[in-house]
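Visitor: Just one file: query.pdb, with PDB, C-alpha atoms.
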```
ATOM      1  CA  MET A 292      -7.083  47.829  20.156
ATOM      2  CA  LEU A 293      -6.228  45.320  22.850
ATOM      3  CA  GLY A 294      -8.902  42.937  21.556
ATOM      4  CA  VAL A 295      -7.518  43.149  18.046
ATOM      5  CA  GLU A 296      -4.007  42.338  19.284
ATOM      6  CA  VAL A 297      -5.293  39.331  21.262
ATOM      7  CA  ALA A 298      -7.144  38.069  18.188
ATOM      8  CA  GLN A 299      -4.028  38.424  16.072
ATOM      9  CA  VAL A 300      -1.980  36.510  18.635
ATOM     10  CA  ASP A 301      -4.584  33.733  18.760
ATOM     11  CA  LEU A 302      -4.689  33.455  14.977
ATOM     12  CA  ALA A 303      -0.905  33.276  14.823
ATOM     13  CA  SER A 304      -0.864  30.552  17.465
ATOM     14  CA  ILE A 305      -3.543  28.556  15.670
ATOM     15  CA  ALA A 306      -1.728  28.887  12.336
ATOM     16  CA  THR A 307       1.531  27.716  13.931
ATOM     17  CA  ASN A 308      -0.141  24.692  15.519
ATOM     18  CA  GLU A 309      -1.848  23.749  12.251
ATOM     19  CA  LEU A 310       1.453  24.065  10.379
ATOM     20  CA  HIS A 311       3.103  21.723  12.889
ATOM     21  CA  ARG A 312       0.260  19.221  12.515
ATOM     22  CA  PHE A 313       0.541  19.371   8.727
ATOM     23  CA  LEU A 314       4.278  18.700   8.934
ATOM     24  CA  LEU A 315       3.538  15.607  11.034
ATOM     25  CA  CYS A 316       1.017  14.490   8.421
ATOM     26  CA  LEU A 317       3.596  15.156   5.716
ATOM     27  CA  GLY A 318       6.108  12.951   7.550
ATOM     28  CA  ARG A 319       3.766   9.934   7.514
ATOM     29  CA  THR A 320       2.718  10.526   3.915
ATOM     30  CA  SER A 321       6.235  11.055   2.560
ATOM     31  CA  ALA A 322       7.489   7.867   4.227
ATOM     32  CA  LEU A 323       4.641   5.903   2.623
ATOM     33  CA  VAL A 324       5.324   7.323  -0.839
ATOM     34  CA  VAL A 325       9.037   6.566  -0.547
ATOM     35  CA  ALA A 326       8.594   3.010   0.775
ATOM     36  CA  SER A 327       5.596   1.877  -1.270
ATOM     37  CA  PRO A 328       6.139   0.757  -4.881
ATOM     38  CA  ALA A 329       2.436   1.464  -5.473
ATOM     39  CA  PHE A 330       3.340   5.096  -6.187
ATOM     40  CA  GLY A 331       6.041   4.265  -8.687
ATOM     41  CA  GLY A 332       9.121   4.337  -6.491
ATOM     42  CA  GLY A 333      12.208   5.059  -8.556
ATOM     43  CA  LEU A 334      10.198   4.772 -11.784
ATOM     44  CA  VAL A 335       8.650   8.184 -11.032
ATOM     45  CA  PRO A 336      10.863  11.322 -11.003
ATOM     46  CA  ALA A 337      11.636  12.776  -7.583
ATOM     47  CA  PRO A 338       9.815  16.120  -8.220
ATOM     48  CA  ALA A 339       6.650  14.225  -9.185
ATOM     49  CA  ARG A 340       6.863  12.097  -6.034
ATOM     50  CA  ALA A 341       7.371  15.233  -3.914
ATOM     51  CA  LEU A 342       4.278  16.811  -5.474
ATOM     52  CA  LEU A 343       2.324  13.584  -4.916
ATOM     53  CA  THR A 344       3.417  13.565  -1.271
ATOM     54  CA  VAL A 345       2.112  17.092  -0.702
ATOM     55  CA  LEU A 346      -1.165  16.329  -2.488
ATOM     56  CA  LEU A 347      -1.719  13.175  -0.422
ATOM     57  CA  ALA A 348      -0.953  15.080   2.758
ATOM     58  CA  LEU A 349      -3.530  17.709   1.814
ATOM     59  CA  VAL A 350      -6.093  14.951   1.141
ATOM     60  CA  VAL A 351      -5.648  13.087   4.444
ATOM     61  CA  TYR A 352      -4.943  16.141   6.626
ATOM     62  CA  PRO A 353      -8.662  16.852   7.291
ATOM     63  CA  VAL A 354      -9.113  13.356   8.834
ATOM     64  CA  MET A 355      -6.084  13.791  11.092
ATOM     65  CA  PRO A 356      -7.319  14.021  14.704
ATOM     66  CA  PRO A 357      -6.581  17.271  16.524
ATOM     67  CA  ALA A 358      -3.524  17.095  18.721
ATOM     68  CA  GLU A 359      -1.303  19.630  20.382
ATOM     69  CA  PRO A 360       2.215  19.522  18.909
ATOM     70  CA  PRO A 361       4.978  18.871  21.461
ATOM     71  CA  ALA A 362       6.369  22.028  22.985
ATOM     72  CA  SER A 363      10.035  21.040  22.886
ATOM     73  CA  VAL A 364      12.163  20.507  19.794
ATOM     74  CA  LEU A 365      13.190  17.010  20.906
ATOM     75  CA  GLY A 366       9.589  16.042  21.539
ATOM     76  CA  TYR A 367       8.551  17.291  18.127
ATOM     77  CA  ALA A 368      11.436  15.428  16.473
ATOM     78  CA  GLY A 369      10.370  12.235  18.244
ATOM     79  CA  ALA A 370       6.769  12.697  17.114
ATOM     80  CA  LEU A 371       7.939  13.281  13.544
ATOM     81  CA  LEU A 372      10.075  10.117  13.614
ATOM     82  CA  ALA A 373       7.064   8.179  14.902
ATOM     83  CA  GLU A 374       4.993   9.423  11.959
ATOM     84  CA  VAL A 375       7.736   8.404   9.543
ATOM     85  CA  ALA A 376       7.830   4.941  11.168
ATOM     86  CA  VAL A 377       4.082   4.474  10.614
ATOM     87  CA  GLY A 378       4.403   5.468   6.946
ATOM     88  CA  LEU A 379       7.351   3.116   6.451
ATOM     89  CA  ALA A 380       5.418   0.233   8.034
ATOM     90  CA  LEU A 381       2.477   0.786   5.679
ATOM     91  CA  GLY A 382       4.807   1.038   2.699
ATOM     92  CA  LEU A 383       6.638  -2.125   3.703
ATOM     93  CA  VAL A 384       3.432  -4.158   3.392
ATOM     94  CA  THR A 385       2.964  -3.086  -0.223
ATOM     95  CA  ALA A 386       6.682  -3.551  -0.919
ATOM     96  CA  LEU A 387       6.445  -7.182   0.245
ATOM     97  CA  VAL A 388       3.671  -7.799  -2.303
ATOM     98  CA  PHE A 389       5.948  -6.594  -5.079
ATOM     99  CA  ALA A 390       8.837  -8.575  -3.582
ATOM    100  CA  ALA A 391       6.760 -11.757  -3.870
ATOM    101  CA  VAL A 392       6.272 -11.120  -7.588
ATOM    102  CA  GLN A 393       9.962 -10.357  -8.048
ATOM    103  CA  LEU A 394      10.874 -13.555  -6.228
ATOM    104  CA  ALA A 395       8.681 -15.559  -8.618
ATOM    105  CA  GLY A 396      10.404 -13.949 -11.580
ATOM    106  CA  GLN A 397      13.875 -14.586 -10.176
ATOM    107  CA  LEU A 398      13.080 -18.270  -9.629
ATOM    108  CA  LEU A 399      11.970 -18.537 -13.245
ATOM    109  CA  ASP A 400      15.098 -16.704 -14.405
ATOM    110  CA  LEU A 401      17.303 -19.223 -12.638
ATOM    111  CA  VAL A 402      15.653 -22.172 -14.389
ATOM    112  CA  THR A 403      15.374 -20.621 -17.854
ATOM    113  CA  GLY A 404      18.918 -19.274 -17.904
ATOM    114  CA  PHE A 405      17.905 -15.609 -17.902
ATOM    115  CA  GLY A 406      19.641 -15.252 -14.558
ATOM    116  CA  VAL A 407      22.955 -14.592 -16.294
ATOM    117  CA  SER A 408      21.524 -11.406 -17.819
ATOM    118  CA  GLY A 409      19.741  -8.543 -16.168
ATOM    119  CA  VAL A 410      18.359  -5.027 -16.426
ATOM    120  CA  PHE A 411      18.905  -2.094 -14.092
ATOM    121  CA  ASP A 412      16.053  -1.530 -11.655
ATOM    122  CA  PRO A 413      15.771   2.142 -10.630
ATOM    123  CA  VAL A 414      13.592   1.212  -7.637
ATOM    124  CA  SER A 415      16.171  -0.930  -5.841
ATOM    125  CA  SER A 416      19.198   0.552  -7.696
ATOM    126  CA  GLN A 417      20.463  -2.891  -8.624
ATOM    127  CA  SER A 418      20.503  -5.268 -11.571
ATOM    128  CA  LEU A 419      17.526  -7.608 -11.783
ATOM    129  CA  PRO A 420      16.890 -10.594 -14.077
ATOM    130  CA  ILE A 421      14.620 -10.049 -17.041
ATOM    131  CA  LEU A 422      11.526 -11.983 -15.940
ATOM    132  CA  GLY A 423      11.737 -10.611 -12.403
ATOM    133  CA  HIS A 424      11.700  -7.052 -13.717
ATOM    134  CA  PHE A 425       8.931  -7.862 -16.206
ATOM    135  CA  LEU A 426       6.662  -9.296 -13.493
ATOM    136  CA  TYR A 427       7.428  -6.302 -11.259
ATOM    137  CA  LEU A 428       6.264  -3.873 -13.955
ATOM    138  CA  LEU A 429       3.241  -6.072 -14.689
ATOM    139  CA  MET A 430       2.310  -6.049 -10.999
ATOM    140  CA  TRP A 431       2.534  -2.262 -10.918
ATOM    141  CA  VAL A 432       0.191  -1.959 -13.916
ATOM    142  CA  LEU A 433      -2.250  -4.476 -12.412
ATOM    143  CA  LEU A 434      -2.209  -2.669  -9.067
ATOM    144  CA  LEU A 435      -3.201   0.586 -10.750
ATOM    145  CA  ALA A 436      -5.789  -1.176 -12.931
ATOM    146  CA  THR A 437      -7.467  -2.818  -9.919
ATOM    147  CA  GLU A 438      -7.335   0.454  -7.915
ATOM    148  CA  GLY A 439      -4.904  -1.040  -5.448
ATOM    149  CA  HIS A 440      -3.392   2.409  -4.932
ATOM    150  CA  HIS A 441      -6.782   3.498  -3.572
ATOM    151  CA  VAL A 442      -6.457   0.722  -0.986
ATOM    152  CA  VAL A 443      -3.126   2.158   0.112
ATOM    153  CA  ILE A 444      -4.510   5.707   0.297
ATOM    154  CA  ARG A 445      -7.514   4.530   2.321
ATOM    155  CA  ALA A 446      -5.145   2.715   4.683
ATOM    156  CA  LEU A 447      -3.182   5.947   5.100
ATOM    157  CA  ALA A 448      -6.351   7.866   5.975
ATOM    158  CA  GLU A 449      -7.580   5.047   8.245
ATOM    159  CA  SER A 450      -4.222   4.964  10.031
ATOM    160  CA  TYR A 451      -5.064   8.211  11.826
ATOM    161  CA  ARG A 452      -8.058   6.554  13.456
ATOM    162  CA  HIS A 453      -6.024   3.606  14.738
ATOM    163  CA  VAL A 454      -2.650   5.317  15.194
ATOM    164  CA  PRO A 455      -3.088   9.008  16.053
ATOM    165  CA  PRO A 456      -0.024  11.280  16.043
ATOM    166  CA  GLY A 457       2.285  10.264  18.876
ATOM    167  CA  GLY A 458       0.471   6.960  19.468
ATOM    168  CA  VAL A 459       2.619   4.663  17.363
ATOM    169  CA  GLY A 460       3.009   1.053  18.499
ATOM    170  CA  LEU A 461       5.449  -0.536  16.076
ATOM    171  CA  ALA A 462       6.119  -3.432  18.453
ATOM    172  CA  GLY A 463       2.516  -4.559  18.030
ATOM    173  CA  GLY A 464       2.796  -4.479  14.248
ATOM    174  CA  ALA A 465       6.010  -6.518  14.111
ATOM    175  CA  PRO A 466       4.232  -9.941  14.032
ATOM    176  CA  VAL A 467       2.125  -8.788  11.088
ATOM    177  CA  LEU A 468       5.210  -7.701   9.134
ATOM    178  CA  ILE A 469       7.007 -10.948   9.956
ATOM    179  CA  GLY A 470       3.988 -12.939   8.824
ATOM    180  CA  MET A 471       3.907 -10.943   5.587
ATOM    181  CA  ALA A 472       7.570 -11.799   4.999
ATOM    182  CA  GLY A 473       6.735 -15.508   5.200
ATOM    183  CA  TRP A 474       3.718 -14.957   2.961
ATOM    184  CA  MET A 475       6.031 -13.299   0.425
ATOM    185  CA  PHE A 476       8.184 -16.440   0.028
ATOM    186  CA  ALA A 477       5.164 -18.765  -0.155
ATOM    187  CA  THR A 478       3.385 -16.566  -2.710
ATOM    188  CA  GLY A 479       6.480 -16.152  -4.873
ATOM    189  CA  LEU A 480       6.921 -19.920  -5.012
ATOM    190  CA  ALA A 481       3.226 -20.481  -5.745
ATOM    191  CA  LEU A 482       3.223 -17.980  -8.629
ATOM    192  CA  SER A 483       6.248 -19.569 -10.271
ATOM    193  CA  LEU A 484       5.350 -23.213  -9.550
ATOM    194  CA  PRO A 485       3.335 -24.025 -12.746
ATOM    195  CA  LEU A 486       6.038 -22.738 -15.075
ATOM    196  CA  LEU A 487       8.742 -24.293 -12.911
ATOM    197  CA  ALA A 488       7.025 -27.670 -13.235
ATOM    198  CA  VAL A 489       7.007 -27.374 -17.039
ATOM    199  CA  LEU A 490      10.677 -26.388 -17.132
ATOM    200  CA  VAL A 491      11.676 -29.207 -14.800
ATOM    201  CA  ALA A 492       9.850 -31.649 -17.086
ATOM    202  CA  VAL A 493      11.800 -30.224 -20.046
ATOM    203  CA  MET A 494      15.074 -30.652 -18.140
ATOM    204  CA  VAL A 495      14.195 -34.267 -17.331
ATOM    205  CA  ALA A 496      13.338 -34.915 -20.984
ATOM    206  CA  LEU A 497      16.648 -33.408 -22.083
ATOM    207  CA  GLY A 498      18.453 -35.597 -19.572
ATOM    208  CA  LEU A 499      16.815 -38.704 -20.991
ATOM    209  CA  VAL A 500      17.720 -37.615 -24.513
ATOM    210  CA  SER A 501      21.345 -37.101 -23.478
ATOM    211  CA  ARG A 502      21.436 -40.645 -22.079
ATOM    212  CA  ALA A 503      19.910 -42.063 -25.244
ATOM    213  CA  VAL A 504      22.094 -39.995 -27.587
ATOM    214  CA  PRO A 505      25.415 -39.304 -25.819
ATOM    215  CA  GLN A 506      26.763 -37.509 -28.891
ATOM    216  CA  LEU A 507      24.196 -34.738 -28.405
ATOM    217  CA  ASN A 508      25.573 -31.814 -26.399
ATOM    218  CA  VAL A 509      22.646 -30.996 -24.118
ATOM    219  CA  PHE A 510      24.385 -27.986 -22.578
ATOM    220  CA  ILE A 511      24.440 -26.256 -25.974
ATOM    221  CA  THR A 512      21.136 -27.404 -27.455
ATOM    222  CA  GLY A 513      19.174 -27.551 -24.221
ATOM    223  CA  LEU A 514      19.370 -23.863 -23.274
ATOM    224  CA  PRO A 515      17.573 -22.545 -26.386
ATOM    225  CA  ILE A 516      14.917 -25.215 -25.926
ATOM    226  CA  GLN A 517      14.388 -24.195 -22.296
ATOM    227  CA  VAL A 518      14.130 -20.520 -23.218
ATOM    228  CA  ALA A 519      11.669 -21.237 -26.043
ATOM    229  CA  VAL A 520       9.489 -23.452 -23.840
ATOM    230  CA  ALA A 521       9.572 -20.894 -21.040
ATOM    231  CA  LEU A 522       8.519 -18.020 -23.313
ATOM    232  CA  VAL A 523       5.739 -20.015 -24.967
ATOM    233  CA  THR A 524       4.438 -21.288 -21.631
ATOM    234  CA  LEU A 525       4.594 -17.785 -20.139
ATOM    235  CA  LEU A 526       2.707 -16.379 -23.123
ATOM    236  CA  VAL A 527      -0.007 -19.022 -22.860
ATOM    237  CA  GLY A 528      -0.320 -18.759 -19.091
ATOM    238  CA  LEU A 529       0.010 -14.965 -18.846
ATOM    239  CA  PRO A 530      -3.760 -14.336 -18.443
ATOM    240  CA  ALA A 531      -3.946 -16.781 -15.527
ATOM    241  CA  LEU A 532      -0.741 -15.413 -14.018
ATOM    242  CA  GLY A 533      -2.017 -11.861 -14.377
ATOM    243  CA  GLY A 534      -5.269 -12.809 -12.657
ATOM    244  CA  ALA A 535      -3.380 -14.402  -9.775
ATOM    245  CA  MET A 536      -1.194 -11.313  -9.434
ATOM    246  CA  ALA A 537      -4.221  -8.999  -9.493
ATOM    247  CA  ASP A 538      -5.746 -11.029  -6.648
ATOM    248  CA  LEU A 539      -2.761 -10.107  -4.460
ATOM    249  CA  VAL A 540      -4.466  -6.773  -3.784
ATOM    250  CA  HIS A 541      -6.876  -8.524  -1.393
ATOM    251  CA  PRO A 542      -4.234  -9.993   0.973
ATOM    252  CA  MET A 543      -2.431  -6.640   0.812
ATOM    253  CA  ALA A 544      -5.565  -4.827   1.984
ATOM    254  CA  ASP A 545      -6.097  -7.436   4.712
ATOM    255  CA  ALA A 546      -2.495  -7.103   5.888
ATOM    256  CA  LEU A 547      -2.790  -3.307   6.018
ATOM    257  CA  ALA A 548      -5.947  -3.585   8.132
ATOM    258  CA  ARG A 549      -4.310  -6.087  10.501
ATOM    259  CA  LEU A 550      -1.219  -3.896  10.787
ATOM    260  CA  LEU A 551      -3.272  -0.859  11.770
ATOM    261  CA  GLU A 552      -5.243  -2.887  14.319
ATOM    262  CA  ALA A 553      -2.008  -4.226  15.800
ATOM    263  CA  MET A 554      -0.388  -0.797  16.047
ATOM    264  CA  GLY A 555      -3.485   0.802  17.532
ATOM    265  CA  PRO A 556      -3.989   1.397  21.253
TER     266      PRO A 556
END
```
In structure tokens, write the structure found in this file.
Guide:
Amino acid sequence: MLGVEVAQVDLASIATNELHRFLLCLGRTSALVVASPAFGGGLVPAPARALLTVLLALVVYPVMPPAEPPASVLGYAGALLAEVAVGLALGLVTALVFAAVQLAGQLLDLVTGFGVSGVFDPVSSQSLPILGHFLYLLMWVLLLATEGHHVVIRALAESYRHVPPGGVGLAGGAPVLIGMAGWMFATGLALSLPLLAVLVAVMVALGLVSRAVPQLNVFITGLPIQVAVALVTLLVGLPALGGAMADLVHPMADALARLLEAMGP
């Protein structure tokens, strides 16, 4: 009887430790799902995201290295916050990729005149210009089509090899995140530059016409011309723009790998 009681106590202790480890894994996974637009963000209902979080945690839990959970409540809370910080850092990398696309769309909206109108974005809970929101949705579709979400999931699983539970080093990953922020501005400008050049040429042509024909009100006639040129140019150049946006998965994967290396021991 004594042996049976000891076995029951050991099983209960093992089950408790495994539950604590799974909760730590759930903390990292849930932070990634919340921060990364790759999993839909506000476009996906909250119950679906919660189910996705649990499923991802079950997938990556077997690769989580064994570790004894902290004995104290404060120590466990600190370990859980560290796991959340790792998930947020991984999600921030993917969010910066989408921010670069949104920045390109907002620059185009300012030149075409679409900046005065906007649509509600459930991800950021704010109003966004039309082209910025369109490119954001296009980037999401391209990310899923090129299996970019698999890159994010692999980075989550690989994070346990570089950053085991309790071994977070966010200070080491800060330069990578700062570099990605600069990359975001440069990429957003590069994506919008061809169409911006066409629209600037149209504005210069309208300015010359207004000097040649002062009776022509450029402010009234010029805006429809700019919108028409912008839409036609965007339609013609959409395959090339889509290809350039799909290629953003590669620098995202590289940034995730560099972030994990920097945060590792």
Visitor: Give me the residues of region 443-499 of chain A that have any atom at most 9 Å from an atom of region 314-338 of chain A; for each, the nearest atom pair and the distance in Å, rounded to one decimal. Use only C-alpha atoms, sort by chain and number, and format it as a tab-separated table.
Guide:
```
residue	atom	partner	partner_atom	distance
A:Val443	CA	A:Ala329	CA	7.9
A:Leu447	CA	A:Thr320	CA	7.6
A:Pro456	CA	A:Leu315	CA	7.5
```
Visitor: Give as number ranges by chain the residues that the PyMOL selection byres ((chain A and resi 481-497) around 9) matches when applied to the coordinates above.
Guide: A: 391-392, 394-396, 398-399, 402-403, 476-480, 498-502, 509, 513, 516-517, 520-521, 524-525, 528, 532, 535-536
Visitor: For each of A:Ala519, A:Val442, A:Leu526, A:Met355, take the minimum atom-to-atom distance to Thr385 (chain A), counting only C-alpha atoms, then give the residue where this is smallest.
Guide: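 Checking each of A:Ala519, A:Val442, A:Leu526, A:Met355 against Thr385 (chain A), counting only C-alpha atoms, the winner is A:Val442.
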Visitor: What is the CA of Leu365 (chain A)-CA of Ala462 (chain A) distance in Å, reported with one decimal?
Guide: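 CA of Ala462 (chain A) lies at a distance of 21.8 Å from CA of Leu365 (chain A).
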Visitor: Can you pull out the residues contacting Pro455 (chain A)? Cut-off 12 Å, using only C-alpha atoms, and skip same-chain residues under 3 positions away; I want them as a PyMOL selection string.
Guide: chain A and resi 312+315-316+319+352+354-359+370+373-374+377+447-452+458-460+551+554-556
Visitor: Between CA of Arg549 (chain A) and CA of Ala465 (chain A), what is the distance in Å, rounded to a tenth?
Guide: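 Distance between the two atoms: 10.9 Å.
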Visitor: Got a sec: who's within 10 Å of Asp538 (chain A), counting all atoms listed in the file, leaving out chain neighbours fewer than 6 positions off, as a list in words?
Guide: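 Near neighbours after the sequence-gap exclusion: Leu433, Leu434, Thr437 and Leu532 of chain A.
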